[in-house]
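Participant: My structure is in model-v3.tsv, and what it holds is TSV, C-alpha atoms:
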```
chain	number	residue	atom	x	y	z
A	26	MET	CA	0.00	0.00	0.00
A	27	GLU	CA	2.81	2.35	0.88
A	28	LEU	CA	4.53	1.80	-2.45
A	29	ALA	CA	1.20	2.32	-4.21
A	30	PHE	CA	0.84	5.72	-2.54
A	31	LEU	CA	4.41	6.72	-3.39
A	32	LEU	CA	3.82	5.83	-7.04
A	33	ARG	CA	0.50	7.70	-7.08
A	34	SER	CA	2.22	10.80	-5.66
A	35	VAL	CA	4.28	11.07	-8.86
A	36	GLY	CA	1.33	10.49	-11.19
A	37	THR	CA	1.65	6.74	-11.80
A	38	GLU	CA	-1.49	4.76	-12.57
A	39	VAL	CA	-1.69	2.04	-9.91
A	40	PHE	CA	-3.92	-1.04	-9.74
A	41	TRP	CA	-4.12	-3.11	-6.54
A	42	ILE	CA	-4.95	-6.72	-7.38
A	43	THR	CA	-5.87	-8.68	-4.26
A	44	ILE	CA	-5.82	-12.46	-4.10
A	45	GLN	CA	-8.34	-12.73	-1.27
A	46	LYS	CA	-11.32	-10.41	-0.96
A	47	PRO	CA	-13.19	-11.52	2.19
A	48	THR	CA	-16.82	-12.48	1.68
A	49	GLU	CA	-17.80	-10.94	5.01
A	50	THR	CA	-17.21	-7.33	5.96
A	51	ASP	CA	-13.74	-7.02	7.50
A	52	GLU	CA	-13.18	-3.65	9.16
A	53	VAL	CA	-9.40	-3.68	8.61
A	54	VAL	CA	-9.69	-4.62	4.93
A	55	TYR	CA	-12.48	-2.09	4.40
A	56	SER	CA	-10.37	0.65	6.00
A	57	LEU	CA	-7.37	-0.18	3.78
A	58	GLU	CA	-9.47	-0.25	0.63
A	59	GLN	CA	-11.04	3.10	1.51
A	60	LYS	CA	-7.58	4.62	1.99
A	61	MET	CA	-6.51	3.34	-1.41
A	62	SER	CA	-9.65	4.54	-3.12
A	63	VAL	CA	-9.17	8.07	-1.74
A	64	ARG	CA	-5.59	8.10	-3.11
A	65	GLY	CA	-6.74	6.97	-6.56
A	66	VAL	CA	-5.55	3.36	-6.32
A	67	GLN	CA	-7.97	1.02	-8.12
A	68	VAL	CA	-8.70	-2.20	-6.23
A	69	PHE	CA	-10.10	-5.41	-7.72
A	70	SER	CA	-9.94	-9.17	-7.34
A	71	ALA	CA	-7.17	-11.28	-8.83
A	72	LYS	CA	-9.80	-13.60	-10.29
A	73	GLY	CA	-11.11	-12.59	-13.67
A	74	GLN	CA	-10.15	-11.18	-17.04
A	75	GLU	CA	-9.62	-7.69	-15.63
A	76	ALA	CA	-6.60	-8.89	-13.63
A	77	ILE	CA	-5.13	-10.64	-16.68
A	78	ASP	CA	-5.59	-7.62	-18.97
A	79	THR	CA	-4.07	-5.30	-16.35
A	80	ALA	CA	-1.03	-7.57	-15.92
A	81	PHE	CA	-0.39	-7.60	-19.66
A	82	LYS	CA	-0.58	-3.83	-20.13
A	83	ALA	CA	1.32	-2.90	-16.95
A	84	ASP	CA	4.89	-1.63	-17.21
A	85	LEU	CA	5.71	-3.23	-13.87
A	86	ILE	CA	4.11	-5.88	-11.64
A	87	VAL	CA	4.98	-5.89	-7.95
A	88	LEU	CA	4.29	-9.13	-6.08
A	89	ASN	CA	3.96	-7.93	-2.52
A	90	THR	CA	4.45	-11.15	-0.52
A	91	ALA	CA	6.28	-14.45	-0.90
A	92	VAL	CA	2.99	-16.31	-1.43
A	93	ALA	CA	1.80	-13.95	-4.18
A	94	GLY	CA	3.58	-16.20	-6.66
A	95	LYS	CA	0.60	-18.56	-6.50
A	96	TRP	CA	-1.41	-15.91	-8.34
A	97	LEU	CA	0.83	-16.13	-11.40
A	98	ASP	CA	-0.06	-19.73	-12.23
A	99	ALA	CA	-3.64	-19.61	-10.96
A	100	VAL	CA	-4.64	-16.59	-13.04
A	101	LEU	CA	-2.13	-16.08	-15.85
A	102	LYS	CA	-1.59	-19.79	-16.53
A	103	GLU	CA	0.29	-20.27	-19.83
A	104	ASN	CA	0.94	-16.52	-20.06
A	105	VAL	CA	3.23	-16.45	-17.00
A	106	PRO	CA	6.50	-16.27	-19.05
A	107	ARG	CA	5.14	-13.17	-20.78
A	108	VAL	CA	5.07	-11.13	-17.56
A	109	LEU	CA	8.02	-12.51	-15.55
A	110	PRO	CA	10.63	-10.02	-16.87
A	111	LYS	CA	8.56	-7.10	-15.55
A	112	VAL	CA	7.90	-8.62	-12.12
A	113	LEU	CA	9.51	-7.12	-9.04
A	114	TRP	CA	9.00	-9.54	-6.15
A	115	TRP	CA	8.89	-7.68	-2.83
A	116	ILE	CA	9.50	-10.21	-0.06
A	117	HIS	CA	8.77	-9.45	3.59
A	118	GLU	CA	8.71	-12.96	5.08
A	119	MET	CA	11.38	-15.22	6.54
A	120	ARG	CA	9.47	-18.14	8.08
A	121	GLY	CA	10.36	-21.62	6.85
A	122	HIS	CA	6.88	-22.48	5.54
A	123	TYR	CA	7.21	-19.85	2.80
A	124	PHE	CA	9.94	-21.87	1.11
A	125	LYS	CA	7.70	-24.03	-1.05
A	126	LEU	CA	8.40	-24.51	-4.71
A	127	ASP	CA	4.71	-23.89	-5.53
A	128	TYR	CA	5.10	-20.38	-4.10
A	129	VAL	CA	8.46	-19.31	-5.47
A	130	LYS	CA	9.36	-21.48	-8.45
A	131	HIS	CA	9.31	-18.44	-10.77
A	132	LEU	CA	11.77	-16.45	-8.63
A	133	PRO	CA	14.84	-17.10	-10.82
A	134	LEU	CA	13.13	-15.60	-13.88
A	135	VAL	CA	11.59	-12.40	-12.51
A	136	GLY	CA	13.04	-8.96	-13.10
A	137	GLY	CA	14.27	-8.66	-9.52
A	138	ALA	CA	13.58	-9.30	-5.85
A	139	MET	CA	13.37	-6.59	-3.22
A	140	ILE	CA	13.83	-7.50	0.45
A	141	ASP	CA	13.60	-5.34	3.58
A	142	SER	CA	16.90	-6.26	5.28
A	143	HIS	CA	20.33	-7.64	4.46
A	144	VAL	CA	19.99	-10.55	6.90
A	145	THR	CA	16.71	-11.63	5.27
A	146	ALA	CA	18.15	-11.30	1.77
A	147	GLU	CA	21.05	-13.54	2.75
A	148	TYR	CA	18.65	-16.04	4.31
A	149	TRP	CA	16.54	-16.22	1.15
A	150	LYS	CA	19.62	-16.63	-1.02
A	151	ASN	CA	20.93	-19.54	1.04
A	152	ARG	CA	17.58	-21.17	1.74
A	153	THR	CA	16.31	-21.19	-1.87
A	154	GLN	CA	19.60	-22.62	-3.08
A	155	GLU	CA	19.97	-25.30	-0.39
A	156	ARG	CA	16.35	-26.37	-0.01
A	157	LEU	CA	14.76	-25.70	-3.40
A	158	ARG	CA	17.81	-25.78	-5.67
A	159	ILE	CA	16.80	-22.53	-7.33
A	160	LYS	CA	18.71	-19.30	-7.63
A	161	MET	CA	17.52	-15.89	-6.48
A	162	PRO	CA	17.24	-13.20	-9.17
A	163	GLU	CA	19.04	-9.88	-8.83
A	164	THR	CA	18.17	-8.93	-5.24
A	165	TYR	CA	17.92	-5.42	-3.83
A	166	VAL	CA	17.80	-4.55	-0.12
A	167	VAL	CA	15.52	-1.64	0.74
A	168	HIS	CA	15.08	-0.59	4.36
A	169	LEU	CA	11.65	0.85	5.06
A	170	GLY	CA	11.00	4.43	6.16
A	171	ASN	CA	8.50	6.25	8.35
A	172	SER	CA	5.70	8.15	6.64
A	173	LYS	CA	5.46	11.92	6.86
A	174	GLU	CA	2.12	11.52	8.65
A	175	LEU	CA	3.67	9.48	11.43
A	176	MET	CA	6.66	11.81	11.76
A	177	ASP	CA	4.34	14.80	12.01
A	178	VAL	CA	2.67	13.28	15.06
A	179	ALA	CA	5.97	12.04	16.54
A	180	GLU	CA	7.44	15.54	16.33
A	181	ASP	CA	4.38	17.36	17.68
A	182	SER	CA	4.84	17.63	21.45
A	183	VAL	CA	1.29	18.88	22.02
A	184	ALA	CA	-0.28	16.04	20.03
A	185	LYS	CA	1.88	13.50	21.80
A	186	ARG	CA	0.92	14.82	25.21
A	187	VAL	CA	-2.80	14.71	24.38
A	188	LEU	CA	-2.53	11.15	23.03
A	189	ARG	CA	-0.45	10.06	26.02
A	190	GLU	CA	-2.96	11.41	28.50
A	191	HIS	CA	-5.91	9.88	26.66
A	192	ILE	CA	-4.45	6.39	26.37
A	193	ARG	CA	-3.08	6.33	29.91
A	194	GLU	CA	-6.41	7.45	31.29
A	195	SER	CA	-8.19	4.69	29.35
A	196	LEU	CA	-5.74	2.13	30.77
A	197	GLY	CA	-6.04	3.50	34.30
A	198	VAL	CA	-2.32	4.23	34.67
A	199	ARG	CA	-0.67	7.39	35.98
A	200	ASP	CA	1.65	9.71	34.09
A	201	GLU	CA	4.65	8.65	36.20
A	202	ASP	CA	4.06	4.91	35.65
A	203	ILE	CA	6.45	3.12	33.25
A	204	LEU	CA	4.86	1.28	30.31
A	205	PHE	CA	6.64	-1.46	28.35
A	206	ALA	CA	4.72	-2.52	25.26
A	207	ILE	CA	4.70	-5.03	22.42
A	208	ILE	CA	2.80	-3.71	19.40
A	209	ASN	CA	2.36	-6.64	17.05
A	210	SER	CA	-0.22	-9.20	16.00
A	211	VAL	CA	-0.60	-11.68	18.84
A	212	SER	CA	1.09	-14.97	17.90
A	213	ARG	CA	3.75	-17.22	19.32
A	214	GLY	CA	6.25	-16.01	16.74
A	215	LYS	CA	5.95	-12.46	18.07
A	216	GLY	CA	6.94	-13.60	21.57
A	217	GLN	CA	4.22	-12.06	23.74
A	218	ASP	CA	4.30	-15.10	26.06
A	219	LEU	CA	8.04	-14.80	26.68
A	220	PHE	CA	7.67	-11.04	27.18
A	221	LEU	CA	5.10	-11.60	29.92
A	222	ARG	CA	7.44	-14.06	31.65
A	223	SER	CA	10.28	-11.53	31.40
A	224	PHE	CA	8.04	-8.78	32.73
A	225	TYR	CA	7.05	-10.90	35.73
A	226	GLU	CA	10.71	-11.78	36.36
A	227	SER	CA	11.64	-8.08	36.22
A	228	LEU	CA	9.04	-7.34	38.93
A	229	GLN	CA	10.60	-10.09	41.04
A	230	LEU	CA	14.10	-8.67	40.53
A	231	ILE	CA	12.97	-5.23	41.60
A	232	GLN	CA	11.34	-6.67	44.71
A	233	VAL	CA	14.35	-8.81	45.68
A	234	GLN	CA	16.84	-6.00	45.09
A	235	LYS	CA	14.52	-3.51	46.85
A	236	LEU	CA	14.80	-1.05	43.97
A	237	LYS	CA	12.70	2.08	43.98
A	238	VAL	CA	10.93	2.50	40.67
A	239	PRO	CA	7.52	3.85	39.63
A	240	SER	CA	4.75	1.33	39.02
A	241	MET	CA	5.52	-0.76	35.91
A	242	HIS	CA	2.98	-2.00	33.37
A	243	ALA	CA	3.07	-4.32	30.35
A	244	VAL	CA	0.90	-3.44	27.36
A	245	ILE	CA	0.12	-5.90	24.56
A	246	VAL	CA	-1.34	-4.17	21.50
A	247	GLY	CA	-2.51	-6.57	18.79
A	248	SER	CA	-4.92	-8.92	20.53
A	249	ASP	CA	-7.98	-10.32	18.84
A	250	MET	CA	-10.53	-10.38	21.62
A	251	SER	CA	-13.15	-12.08	19.44
A	252	ALA	CA	-10.92	-14.91	18.21
A	253	GLN	CA	-10.23	-16.51	21.62
A	254	THR	CA	-7.32	-18.47	20.15
A	255	LYS	CA	-5.37	-21.00	22.18
A	256	PHE	CA	-2.43	-18.59	22.36
A	257	GLU	CA	-4.60	-15.65	23.47
A	258	THR	CA	-5.97	-17.87	26.25
A	259	GLU	CA	-2.44	-18.93	27.17
A	260	LEU	CA	-1.37	-15.29	27.57
A	261	ARG	CA	-4.26	-14.55	29.89
A	262	ASN	CA	-3.51	-17.68	31.90
A	263	ILE	CA	0.09	-16.52	32.39
A	264	VAL	CA	-1.19	-13.19	33.71
A	265	MET	CA	-3.60	-14.89	36.11
A	266	GLN	CA	-1.07	-17.48	37.33
A	267	LYS	CA	1.51	-14.77	38.04
A	268	LYS	CA	-1.19	-12.57	39.64
A	269	ILE	CA	-0.25	-9.52	37.58
A	270	GLN	CA	-3.73	-8.67	36.26
A	271	ASP	CA	-3.37	-5.11	37.53
A	272	ARG	CA	-0.08	-4.69	35.63
A	273	VAL	CA	-0.92	-6.13	32.19
A	274	HIS	CA	-3.19	-4.53	29.59
A	275	PHE	CA	-4.44	-6.19	26.40
A	276	ILE	CA	-5.42	-3.89	23.50
A	277	ASN	CA	-7.29	-5.08	20.44
A	278	LYS	CA	-5.47	-5.06	17.09
A	279	THR	CA	-5.46	-1.70	15.37
A	280	LEU	CA	-3.91	0.06	12.37
A	281	THR	CA	-3.54	3.24	14.43
A	282	VAL	CA	-0.38	2.80	16.51
A	283	ALA	CA	0.62	6.46	17.09
A	284	PRO	CA	-1.53	6.93	20.23
A	285	TYR	CA	0.11	3.91	21.88
A	286	LEU	CA	3.61	4.98	20.86
A	287	ALA	CA	2.89	8.35	22.46
A	288	ALA	CA	1.63	6.69	25.64
A	289	ILE	CA	4.36	4.12	26.36
A	290	ASP	CA	7.96	4.51	27.57
A	291	VAL	CA	9.71	1.51	25.98
A	292	LEU	CA	8.95	-0.68	22.96
A	293	VAL	CA	9.65	-4.39	23.24
A	294	GLN	CA	10.27	-6.08	19.87
A	295	ASN	CA	10.32	-9.73	20.93
A	296	SER	CA	9.92	-11.60	17.62
A	297	GLN	CA	11.29	-15.12	17.85
A	298	ALA	CA	13.19	-17.63	15.69
A	299	ARG	CA	14.75	-15.58	12.84
A	300	GLY	CA	13.11	-12.39	14.07
A	301	GLU	CA	11.43	-9.79	11.89
A	302	CYS	CA	12.24	-9.35	8.21
A	303	PHE	CA	12.53	-5.67	9.11
A	304	GLY	CA	10.08	-4.55	11.79
A	305	ARG	CA	8.43	-1.27	10.90
A	306	ILE	CA	7.08	-0.76	14.42
A	307	THR	CA	10.70	-0.49	15.59
A	308	ILE	CA	11.49	2.59	13.51
A	309	GLU	CA	8.07	4.05	14.36
A	310	ALA	CA	8.84	3.71	18.07
A	311	MET	CA	12.26	5.30	17.58
A	312	ALA	CA	10.56	8.25	15.87
A	313	PHE	CA	8.67	8.75	19.13
A	314	GLN	CA	12.02	8.76	20.97
A	315	LEU	CA	11.40	5.39	22.58
A	316	PRO	CA	14.25	2.99	23.42
A	317	VAL	CA	13.78	-0.50	22.00
A	318	LEU	CA	14.33	-3.81	23.77
A	319	GLY	CA	14.64	-6.24	20.89
A	320	THR	CA	15.68	-9.75	20.01
A	321	ALA	CA	19.12	-10.05	18.42
A	322	ALA	CA	17.66	-11.52	15.23
A	323	GLY	CA	16.50	-10.49	11.79
A	324	GLY	CA	16.06	-6.90	10.70
A	325	THR	CA	16.04	-5.63	14.30
A	326	THR	CA	19.84	-5.98	14.32
A	327	GLU	CA	20.03	-3.54	11.38
A	328	ILE	CA	17.83	-0.98	13.10
A	329	VAL	CA	18.71	-1.05	16.81
A	330	VAL	CA	22.26	-0.14	17.82
A	331	ASN	CA	22.79	-2.29	20.91
A	332	GLY	CA	23.64	-0.15	23.93
A	333	THR	CA	22.95	3.08	22.03
A	334	THR	CA	19.35	3.13	20.79
A	335	GLY	CA	18.22	0.10	22.77
A	336	LEU	CA	19.27	-3.25	24.20
A	337	LEU	CA	19.21	-6.63	22.46
A	338	HIS	CA	18.58	-10.06	23.98
A	339	SER	CA	18.57	-13.66	22.72
A	340	VAL	CA	15.54	-15.32	21.18
A	341	GLY	CA	13.82	-18.22	22.92
A	342	LYS	CA	13.66	-19.09	26.60
A	343	GLU	CA	17.34	-18.13	26.89
A	344	GLY	CA	16.28	-14.54	26.32
A	345	VAL	CA	13.70	-14.35	29.12
A	346	THR	CA	16.12	-13.44	31.94
A	347	PRO	CA	18.27	-11.06	29.81
A	348	LEU	CA	15.10	-9.23	28.73
A	349	ALA	CA	13.96	-9.06	32.37
A	350	LYS	CA	17.29	-7.52	33.35
A	351	ASN	CA	17.07	-5.04	30.46
A	352	ILE	CA	13.58	-4.05	31.59
A	353	VAL	CA	14.99	-3.35	35.06
A	354	LYS	CA	17.90	-1.37	33.59
A	355	LEU	CA	15.59	0.98	31.73
A	356	ALA	CA	13.07	1.18	34.55
A	357	THR	CA	15.73	2.25	37.05
A	358	HIS	CA	17.73	4.62	34.83
A	359	VAL	CA	15.53	7.41	33.49
A	360	GLU	CA	18.44	9.27	31.86
A	361	ARG	CA	19.59	6.17	30.02
A	362	ARG	CA	16.06	5.60	28.78
A	363	LEU	CA	15.72	9.16	27.53
A	364	THR	CA	19.19	9.23	25.95
A	365	MET	CA	18.57	5.99	24.06
A	366	GLY	CA	15.24	7.34	22.85
A	367	LYS	CA	16.84	10.55	21.60
A	368	ARG	CA	19.60	8.64	19.79
A	369	GLY	CA	17.00	6.36	18.22
A	370	TYR	CA	15.14	9.40	16.92
A	371	GLU	CA	18.37	10.80	15.45
A	372	ARG	CA	19.01	7.46	13.72
A	373	VAL	CA	15.52	7.54	12.19
A	374	ARG	CA	16.12	11.07	10.88
A	375	GLU	CA	19.39	9.90	9.32
A	376	MET	CA	18.25	6.60	7.79
A	377	PHE	CA	14.59	5.64	8.11
A	378	LEU	CA	12.37	8.36	6.66
A	379	GLU	CA	9.99	8.00	3.74
A	380	HIS	CA	12.25	9.96	1.39
A	381	HIS	CA	15.17	7.62	2.20
A	382	MET	CA	12.99	4.64	1.30
A	383	ALA	CA	11.57	6.35	-1.80
A	384	HIS	CA	15.07	7.09	-3.09
A	385	ARG	CA	16.13	3.46	-2.56
A	386	ILE	CA	12.98	2.09	-4.22
A	387	ALA	CA	13.27	4.50	-7.16
A	388	SER	CA	16.71	3.16	-8.06
A	389	VAL	CA	15.36	-0.41	-7.94
A	390	LEU	CA	12.35	0.41	-10.11
A	391	LYS	CA	14.54	2.13	-12.71
A	392	GLU	CA	16.81	-0.90	-12.92
A	393	VAL	CA	13.98	-3.45	-13.18
A	394	LEU	CA	12.13	-1.34	-15.77
A	395	ARG	CA	15.31	-0.94	-17.80
A	396	LYS	CA	15.85	-4.70	-17.86
A	397	SER	CA	12.22	-5.50	-18.68
A	398	LYS	CA	12.18	-3.07	-21.64
A	399	SER	CA	15.14	-4.88	-23.18
A	400	HIS	CA	13.40	-8.26	-22.86
A	401	PRO	CA	11.67	-9.47	-26.08
A	402	HIS	CA	8.55	-10.83	-24.27
A	403	SER	CA	7.73	-7.73	-22.21
```
Take the structure from the file and write it as structure tokens.
Facilitator:
Amino acid sequence: MELAFLLRSVGTEVFWITIQKPTETDEVVYSLEQKMSVRGVQVFSAKGQEAIDTAFKADLIVLNTAVAGKWLDAVLKENVPRVLPKVLWWIHEMRGHYFKLDYVKHLPLVGGAMIDSHVTAEYWKNRTQERLRIKMPETYVVHLGNSKELMDVAEDSVAKRVLREHIRESLGVRDEDILFAIINSVSRGKGQDLFLRSFYESLQLIQVQKLKVPSMHAVIVGSDMSAQTKFETELRNIVMQKKIQDRVHFINKTLTVAPYLAAIDVLVQNSQARGECFGRITIEAMAFQLPVLGTAAGGTTEIVVNGTTGLLHSVGKEGVTPLAKNIVKLATHVERRLTMGKRGYERVREMFLEHHMAHRIASVLKEVLRKSKSHPHS
């Protein structure tokens, strides 16, 4: 969606072809489609002649996930070779189940692949070669950047104060309380369970060491209250077993993260296994001058400077105690917390703004378009 808006801003005609249009009304999907419609992005289903005709006449086709490759065979069928040279495959995933030949068999023949971090690009290169015996196309690494809209809020002290007061009042916490938050869809891969165990352990450490700190709270933004999944239930059971109901707050999933970034004091990026491909919420939190406690995995290692803009810990159960200790470090040292937040903001201004990303993407698009124009089938 972000790329679609960037292209629209320079007068490009953009079509958004979606593989799955939900039969029932989905508030999130509806909101996204409304945003695109307002910006002049045309949205329609991947099924049907309209999608085929659009693919043929387009100068460039961007596949926006690893699994989008399924659309090529399902819809274009025997015409797939005709469009491959003008395909830019933008990959954001790094979980093992995405490495299926059915998904990515056309990768070697597309115009290029674009990936959000160097560590993920390296992983895809090695994994496709070792497991699938296919070779990645020309691959470009493009770090993401914060939108102007988000930066406007992050740099508006009055707006931040209003949002902070509103959210904290709704949670029933005081201004002086310290809030540590995960803002991510609730799933085991995002590590909310391990975060809660670390949070509880940090409370125990503070009690044992008789440290004087303001009241601490854990906030989990990204729940699905209606789903009642096994993992959601597990999280609530942890809270009840540890008797920390008054310290933990669950917030339903939302596309609007700025109010929560304004309200909290520290972001916890606890994604497990190989971590995040990039982790946009990390740079968004840094824009709000928040220190980040992150796993030393994936794209987080390319964003967070350990000891400068945040603190990193191991993935898995081995990371529970280190994260607990890092929580205590930031809870007990206000200056350190504020200094890390300020340095994180400076790093965002230097590297992770929308114009940085736009410049990087523009060079990729030029190269892929140049190559596709020289191809006889495009």
Participant: For each of A:Val293, A:Leu280, A:Ala138, A:Leu230, take the minimum atom-to-atom distance to Ile386 (chain A), counting all atoms listed in the file, then give the residue where this is smallest.
Facilitator: A:Ala138
Participant: Skipping near chain neighbours, those fewer than 4 positions away, what residues fall within 12 Å of Ala387 (chain A) using all atoms listed in the file, listed as a PDB file with C-alpha atoms, keeping the file's coordinate frame?
Facilitator:
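The resulting out.pdb:
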```pdb
ATOM      1  CA  LEU A  28       4.530   1.800  -2.450  1.00  0.00           C
ATOM      2  CA  LEU A  31       4.410   6.720  -3.390  1.00  0.00           C
ATOM      3  CA  LEU A  32       3.820   5.830  -7.040  1.00  0.00           C
ATOM      4  CA  VAL A  35       4.280  11.070  -8.860  1.00  0.00           C
ATOM      5  CA  MET A 139      13.370  -6.590  -3.220  1.00  0.00           C
ATOM      6  CA  TYR A 165      17.920  -5.420  -3.830  1.00  0.00           C
ATOM      7  CA  VAL A 167      15.520  -1.640   0.740  1.00  0.00           C
ATOM      8  CA  GLU A 379       9.990   8.000   3.740  1.00  0.00           C
ATOM      9  CA  HIS A 380      12.250   9.960   1.390  1.00  0.00           C
ATOM     10  CA  HIS A 381      15.170   7.620   2.200  1.00  0.00           C
ATOM     11  CA  MET A 382      12.990   4.640   1.300  1.00  0.00           C
ATOM     12  CA  ALA A 383      11.570   6.350  -1.800  1.00  0.00           C
ATOM     13  CA  LYS A 391      14.540   2.130 -12.710  1.00  0.00           C
ATOM     14  CA  GLU A 392      16.810  -0.900 -12.920  1.00  0.00           C
ATOM     15  CA  VAL A 393      13.980  -3.450 -13.180  1.00  0.00           C
ATOM     16  CA  LEU A 394      12.130  -1.340 -15.770  1.00  0.00           C
TER      17      LEU A 394
END
```
Participant: Excluding Ile231 (chain A) and its own-chain neighbours fewer than 4 positions away, which residues fall within 12 Å of it when counting all atoms listed in the file? Please give them as a ChimeraX atom specification.
Facilitator: /A:224-227,235-241,349-357
Participant: Tell me which protein, DNA and RNA residues are within 9 Å of Leu286 (chain A), counting only C-alpha atoms, leaving out same-chain ones fewer than 2 positions away, and put them as a PyMOL selection string.
Facilitator: chain A and resi 179+185+188-189+206+208+282-284+288-292+309-310+313+315
Participant: Write a file of the just-selected residues containing C-alpha atoms, as a PDB file, in the coordinates of the input.
Facilitator:
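File produced: again32.pdb:
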```pdb
ATOM      1  CA  ALA A 179       5.970  12.040  16.540  1.00  0.00           C
ATOM      2  CA  LYS A 185       1.880  13.500  21.800  1.00  0.00           C
ATOM      3  CA  LEU A 188      -2.530  11.150  23.030  1.00  0.00           C
ATOM      4  CA  ARG A 189      -0.450  10.060  26.020  1.00  0.00           C
ATOM      5  CA  ALA A 206       4.720  -2.520  25.260  1.00  0.00           C
ATOM      6  CA  ILE A 208       2.800  -3.710  19.400  1.00  0.00           C
ATOM      7  CA  VAL A 282      -0.380   2.800  16.510  1.00  0.00           C
ATOM      8  CA  ALA A 283       0.620   6.460  17.090  1.00  0.00           C
ATOM      9  CA  PRO A 284      -1.530   6.930  20.230  1.00  0.00           C
ATOM     10  CA  ALA A 288       1.630   6.690  25.640  1.00  0.00           C
ATOM     11  CA  ILE A 289       4.360   4.120  26.360  1.00  0.00           C
ATOM     12  CA  ASP A 290       7.960   4.510  27.570  1.00  0.00           C
ATOM     13  CA  VAL A 291       9.710   1.510  25.980  1.00  0.00           C
ATOM     14  CA  LEU A 292       8.950  -0.680  22.960  1.00  0.00           C
ATOM     15  CA  GLU A 309       8.070   4.050  14.360  1.00  0.00           C
ATOM     16  CA  ALA A 310       8.840   3.710  18.070  1.00  0.00           C
ATOM     17  CA  PHE A 313       8.670   8.750  19.130  1.00  0.00           C
ATOM     18  CA  LEU A 315      11.400   5.390  22.580  1.00  0.00           C
TER      19      LEU A 315
END
```
Participant: Would you compute the distance between CA of Ser172 (chain A) and CA of Val92 (chain A)? Give it in Å to one decimal.
Facilitator: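 CA of Val92 (chain A) lies at a distance of 25.9 Å from CA of Ser172 (chain A).
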Participant: Taking (16.7, -1.2, 16.0) as a centre in this file's frame and 9 Å as the limit, can you find every polymer residue with an atom that close, using only C-alpha atoms, and give them as a list in words?
Facilitator: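 Result, sorted by chain then residue number: Gln294, Gly304, Thr307, Ile308, Met311, Pro316, Val317, Leu318, Gly319, Gly324, Thr325, Thr326, Glu327, Ile328, Val329, Val330, Asn331, Thr334, Gly335, Leu336, Leu337 and Gly369 of chain A.
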Participant: Please indicate the distance in Å from CA of Thr37 (chain A) to CA of Lys398 (chain A), rounded to one decimal place.
Facilitator: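 Answer for the CA of Thr37 (chain A) to CA of Lys398 (chain A) separation: 17.4 Å.
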